[in-house]
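Enquirer: My structure is stored as input_11.cif, with mmCIF, C-alpha atoms.
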data_structure
loop_
_atom_site.label_atom_id
_atom_site.label_comp_id
_atom_site.auth_asym_id
_atom_site.auth_seq_id
_atom_site.Cartn_x
_atom_site.Cartn_y
_atom_site.Cartn_z
CA MET A 788 -99.63 -18.28 209.68
CA LYS A 789 -100.50 -21.04 212.12
CA ASN A 790 -103.50 -21.04 214.44
CA PHE A 791 -102.61 -19.96 217.98
CA SER A 792 -106.05 -20.39 219.51
CA GLY A 793 -107.89 -23.40 220.87
CA ARG A 794 -108.07 -25.83 223.75
CA VAL A 795 -105.45 -25.47 226.49
CA LEU A 796 -103.51 -28.25 228.22
CA PHE A 797 -102.09 -27.33 231.63
CA LEU A 798 -98.80 -29.04 232.57
CA ASP A 799 -98.09 -28.15 236.18
CA ARG A 800 -94.34 -28.60 236.47
CA ASP A 801 -91.09 -26.70 236.04
CA ASP A 802 -88.22 -27.98 233.89
CA ILE A 803 -90.10 -30.10 231.36
CA ASN A 804 -87.20 -31.12 229.16
CA THR A 805 -86.90 -32.01 225.50
CA ASP A 806 -86.59 -35.74 226.29
CA GLU A 807 -90.00 -35.54 227.96
CA ILE A 808 -91.43 -33.53 225.07
CA ILE A 809 -90.18 -36.09 222.54
CA PRO A 810 -88.09 -39.03 223.81
CA ALA A 811 -84.61 -39.40 222.29
CA ARG A 812 -85.42 -42.89 220.98
CA TYR A 813 -87.53 -41.23 218.25
CA LEU A 814 -84.85 -38.85 216.98
CA THR A 815 -84.03 -41.19 214.10
CA GLU A 816 -87.49 -40.68 212.59
CA ILE A 817 -87.27 -38.92 209.24
CA THR A 818 -90.71 -37.29 209.16
CA LYS A 819 -92.56 -35.04 211.56
CA ALA A 820 -95.61 -37.28 211.22
CA ALA A 821 -93.66 -40.18 212.75
CA LEU A 822 -93.17 -38.07 215.91
CA LYS A 823 -96.89 -37.38 216.38
CA PRO A 824 -97.93 -40.33 218.58
CA HIS A 825 -94.94 -39.93 220.90
CA LEU A 826 -95.43 -36.35 222.11
CA LEU A 827 -95.03 -36.17 225.91
CA GLU A 828 -95.28 -39.97 226.25
CA ASP A 829 -92.49 -40.03 228.86
CA LEU A 830 -93.83 -37.08 230.86
CA SER A 831 -94.85 -38.27 234.30
CA LEU A 832 -97.42 -35.97 235.87
CA GLU A 833 -100.25 -36.91 238.17
CA GLU A 834 -103.55 -37.06 236.27
CA PHE A 835 -101.81 -36.60 232.87
CA ASP A 836 -102.48 -39.10 230.11
CA PRO A 837 -100.71 -38.17 226.86
CA VAL A 838 -103.06 -40.29 224.76
CA MET A 839 -106.20 -38.63 226.13
CA ASP A 840 -104.99 -35.14 227.04
CA ILE A 841 -103.16 -34.14 223.85
CA ASP A 842 -106.01 -34.87 221.47
CA ALA A 843 -107.61 -31.61 220.25
CA THR A 844 -105.15 -29.51 222.24
CA SER A 845 -103.87 -26.34 220.59
CA ALA A 846 -101.91 -24.67 223.41
CA ILE A 847 -99.95 -25.54 226.54
CA VAL A 848 -99.66 -23.53 229.73
CA THR A 849 -96.84 -24.65 231.97
CA ARG A 850 -94.34 -23.41 234.55
CA SER A 851 -90.69 -22.34 234.18
CA ASN A 852 -87.80 -23.52 232.00
CA PHE A 853 -89.93 -25.37 229.46
CA GLY A 854 -87.86 -27.09 226.77
CA CYS A 855 -84.66 -27.41 228.75
CA GLY A 856 -82.22 -30.15 227.82
CA SER A 857 -80.82 -30.78 224.40
CA SER A 858 -81.17 -28.37 221.50
CA ARG A 859 -83.01 -30.65 219.10
CA GLU A 860 -85.63 -29.24 216.75
CA HIS A 861 -87.67 -32.42 217.20
CA ALA A 862 -89.31 -30.99 220.34
CA PRO A 863 -91.05 -28.10 218.51
CA TRP A 864 -91.74 -30.37 215.54
CA SER A 865 -93.57 -32.88 217.75
CA LEU A 866 -95.73 -30.07 219.14
CA GLU A 867 -96.36 -28.69 215.65
CA VAL A 868 -97.41 -32.03 214.13
CA ASN A 869 -99.92 -32.39 216.98
CA GLY A 870 -101.43 -28.96 216.25
CA ILE A 871 -99.94 -27.30 219.33
CA HIS A 872 -98.59 -23.98 218.10
CA LEU A 873 -98.63 -21.97 221.34
CA VAL A 874 -96.80 -22.57 224.62
CA VAL A 875 -97.21 -20.15 227.54
CA ALA A 876 -94.78 -20.34 230.44
CA GLU A 877 -92.85 -18.34 232.99
CA SER A 878 -89.62 -19.05 231.08
CA PHE A 879 -88.18 -21.18 228.30
CA ALA A 880 -84.83 -22.73 227.53
CA ARG A 881 -83.19 -20.29 225.09
CA ILE A 882 -82.62 -22.73 222.21
CA PHE A 883 -86.08 -24.30 222.50
CA ARG A 884 -87.66 -20.84 222.47
CA GLN A 885 -85.79 -19.85 219.31
CA ASN A 886 -86.57 -23.18 217.62
CA MET A 887 -90.27 -22.51 218.22
CA PHE A 888 -90.07 -19.10 216.55
CA ASN A 889 -87.94 -20.55 213.74
CA CYS A 890 -90.79 -23.01 213.08
CA GLY A 891 -93.36 -20.18 213.04
CA MET A 892 -94.77 -21.17 216.39
CA LEU A 893 -95.49 -18.90 219.34
CA VAL A 894 -94.03 -18.90 222.82
CA VAL A 895 -95.33 -16.41 225.34
CA THR A 896 -93.45 -15.63 228.52
CA LEU A 897 -95.58 -14.38 231.42
CA PRO A 898 -94.71 -13.42 234.99
CA LYS A 899 -94.88 -16.13 237.66
CA ASP A 900 -97.89 -14.46 239.34
CA THR A 901 -99.82 -14.53 236.06
CA ILE A 902 -98.95 -18.19 235.45
CA ASN A 903 -100.04 -18.99 239.03
CA MET A 904 -103.35 -17.18 238.42
CA LEU A 905 -103.95 -19.13 235.20
CA PHE A 906 -103.40 -22.42 237.02
CA ALA A 907 -105.59 -21.36 239.97
CA ASP A 908 -108.46 -20.06 237.83
CA PHE A 909 -108.42 -22.32 234.74
CA SER A 910 -106.54 -25.58 235.33
CA GLY A 911 -108.95 -28.51 235.58
CA LEU A 912 -111.56 -26.72 233.48
CA GLU A 913 -112.24 -27.04 229.77
CA THR A 914 -110.20 -23.95 228.89
CA TYR A 915 -109.70 -22.24 225.55
CA VAL A 916 -107.33 -19.46 224.55
CA GLU A 917 -107.76 -16.90 221.81
CA THR A 918 -104.60 -15.21 220.55
CA ASP A 919 -104.55 -11.73 219.09
CA LEU A 920 -101.04 -11.57 217.67
CA GLU A 921 -101.39 -8.04 216.30
CA ASN A 922 -102.42 -6.60 219.68
CA GLN A 923 -100.27 -9.09 221.62
CA GLU A 924 -103.07 -10.32 223.82
CA LEU A 925 -104.27 -13.72 225.02
CA THR A 926 -107.83 -14.31 226.18
CA PHE A 927 -108.46 -17.41 228.31
CA ARG A 928 -112.04 -18.69 228.62
CA ALA A 929 -113.61 -21.46 230.68
CA ALA A 930 -117.27 -21.68 231.67
CA ASP A 931 -118.19 -18.19 232.94
CA ARG A 932 -114.58 -17.11 233.44
CA HIS A 933 -112.39 -15.14 231.09
CA GLU A 934 -109.11 -13.32 231.45
CA ARG A 935 -107.28 -11.05 229.00
CA ILE A 936 -103.52 -11.01 229.30
CA ALA A 937 -101.10 -8.81 227.40
CA PHE A 938 -97.77 -10.19 226.26
CA GLU A 939 -94.71 -8.82 224.50
CA LEU A 940 -92.85 -10.08 221.46
CA SER A 941 -89.91 -8.51 219.76
CA GLY A 942 -90.59 -7.21 216.28
CA PHE A 943 -88.41 -9.91 214.74
CA ASP A 944 -90.08 -12.75 216.65
CA ARG A 945 -93.49 -11.44 215.57
CA GLU A 946 -92.27 -11.36 211.95
CA LEU A 947 -91.03 -14.96 212.19
CA VAL A 948 -94.40 -16.09 213.52
CA ALA A 949 -96.35 -14.11 210.93
CA ALA A 950 -94.19 -15.49 208.10
CA GLY A 951 -94.65 -19.09 209.25
CA GLY A 952 -91.06 -19.53 210.42
CA TRP A 953 -87.48 -18.77 209.50
CA VAL A 954 -87.43 -20.43 206.06
CA ASP A 955 -90.51 -18.57 204.85
CA TYR A 956 -89.24 -15.33 206.38
CA ALA A 957 -85.86 -15.73 204.63
CA ASP A 958 -87.51 -16.59 201.31
CA ALA A 959 -89.57 -13.38 201.50
CA ASN A 960 -86.77 -11.10 202.68
CA TYR A 961 -83.46 -12.27 201.21
#
Using structure tokens, write down the structure that the file contains.

Expert:
Amino acid sequence: MKNFSGRVLFLDRDDINTDEIIPARYLTEITKAALKPHLLEDLSLEEFDPVMDIDATSAIVTRSNFGCGSSREHAPWSLEVNGIHLVVAESFARIFRQNMFNCGMLVVTLPKDTINMLFADFSGLETYVETDLENQELTFRAADRHERIAFELSGFDRELVAAGGWVDYADANY
């Protein structure tokens, strides 16, 4: 099972699409490693520098409709190869969400008010998240602040994550 805890990157925008996650010009790459340096390089956000901000990041907190656009698996792969195994948002594009689970990665959907609170209380700080998959709980920490947040996963999604993704799940169960 992958690590779902670590340093958090806050991306304060709705509708971050798969072309911004990994630009289409890299879809001909034949290894995940070749995608690594190009994660979020076309994302234009004030005060965001993909070269500086992605390094040592393990999780992303963002707004709604993350992963919209095309249905390519390259978007989750580019996150995975960079060590980002957790994305927390108000909502996700359906195919992106399922591709994350199929890769053994974790997406957590939280209400808009909770996402707003995370941005208000933690964005701009050196923030870390701890994930308790068994109890379905995230704990965010920065300086003297901490916040525990419950989340829900279906039993099958939790099994995909625990197995390391669809291929490993299928190998163990079929």

Enquirer: Could you check how far CA of Thr818 (chain A) sits from CA of Arg800 (chain A), in Å to one decimal?

Expert: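 Between these atoms lies a distance of 28.9 Å.
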
Enquirer: Give me the result of the PyMOL selection byres ((chain A and resi 835-843) around 10) on this file, residue by residue, as number ranges by chain.

Expert: A: 793-799, 824-834, 844-847, 866, 869-871

Enquirer: Please produce an output containing C-alpha atoms for each residue in the selection, written as a JSON list (two decimals), in the frame of the given file.

Expert:
[["chain", "number", "residue", "atom", "x", "y", "z"],
["A", 793, "GLY", "CA", -107.89, -23.40, 220.87],
["A", 794, "ARG", "CA", -108.07, -25.83, 223.75],
["A", 795, "VAL", "CA", -105.45, -25.47, 226.49],
["A", 796, "LEU", "CA", -103.51, -28.25, 228.22],
["A", 797, "PHE", "CA", -102.09, -27.33, 231.63],
["A", 798, "LEU", "CA", -98.80, -29.04, 232.57],
["A", 799, "ASP", "CA", -98.09, -28.15, 236.18],
["A", 824, "PRO", "CA", -97.93, -40.33, 218.58],
["A", 825, "HIS", "CA", -94.94, -39.93, 220.90],
["A", 826, "LEU", "CA", -95.43, -36.35, 222.11],
["A", 827, "LEU", "CA", -95.03, -36.17, 225.91],
["A", 828, "GLU", "CA", -95.28, -39.97, 226.25],
["A", 829, "ASP", "CA", -92.49, -40.03, 228.86],
["A", 830, "LEU", "CA", -93.83, -37.08, 230.86],
["A", 831, "SER", "CA", -94.85, -38.27, 234.30],
["A", 832, "LEU", "CA", -97.42, -35.97, 235.87],
["A", 833, "GLU", "CA", -100.25, -36.91, 238.17],
["A", 834, "GLU", "CA", -103.55, -37.06, 236.27],
["A", 844, "THR", "CA", -105.15, -29.51, 222.24],
["A", 845, "SER", "CA", -103.87, -26.34, 220.59],
["A", 846, "ALA", "CA", -101.91, -24.67, 223.41],
["A", 847, "ILE", "CA", -99.95, -25.54, 226.54],
["A", 866, "LEU", "CA", -95.73, -30.07, 219.14],
["A", 869, "ASN", "CA", -99.92, -32.39, 216.98],
["A", 870, "GLY", "CA", -101.43, -28.96, 216.25],
["A", 871, "ILE", "CA", -99.94, -27.30, 219.33]]

Enquirer: Counting all atoms listed in the file, figure out which residue out of A:Asp931, A:Glu921, A:Glu867, A:Asp806 gets nearest to Cys890 (chain A).

Expert: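 Nearest candidate to Cys890 (chain A) out of A:Asp931, A:Glu921, A:Glu867, A:Asp806: A:Glu867.
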
Enquirer: Write out as an mmCIF file with C-alpha atoms, in the coordinates of the input each polymer residue whose atoms come within 10 Å of Glu924 (chain A), counting all atoms listed in the file; drop sequence neighbours fewer than 4 positions from it.

Expert:
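Written out: out07.cif:
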data_model
loop_
_atom_site.group_PDB
_atom_site.id
_atom_site.type_symbol
_atom_site.label_atom_id
_atom_site.label_comp_id
_atom_site.auth_asym_id
_atom_site.auth_seq_id
_atom_site.Cartn_x
_atom_site.Cartn_y
_atom_site.Cartn_z
ATOM 1 C CA VAL A 895 -95.330 -16.410 225.340
ATOM 2 C CA GLU A 917 -107.760 -16.900 221.810
ATOM 3 C CA THR A 918 -104.600 -15.210 220.550
ATOM 4 C CA ASP A 919 -104.550 -11.730 219.090
ATOM 5 C CA LEU A 920 -101.040 -11.570 217.670
ATOM 6 C CA ARG A 935 -107.280 -11.050 229.000
ATOM 7 C CA ILE A 936 -103.520 -11.010 229.300
ATOM 8 C CA ALA A 937 -101.100 -8.810 227.400
ATOM 9 C CA PHE A 938 -97.770 -10.190 226.260
ATOM 10 C CA GLU A 939 -94.710 -8.820 224.500
#

Enquirer: Given the PyMOL selection byres ((chain A and resi 946) around 12) and the file above, list the residues it selects as a PyMOL selection string.

Expert: chain A and resi 788+888-893+920-921+940-945+947-957+959-960

Enquirer: Pick from A:Glu934, A:Asp801, A:Glu807, A:Asp958: nearest to Ala862 (chain A), with only C-alpha atoms counted?

Expert: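 Using only C-alpha atoms, Ala862 (chain A) sits closest to A:Glu807.
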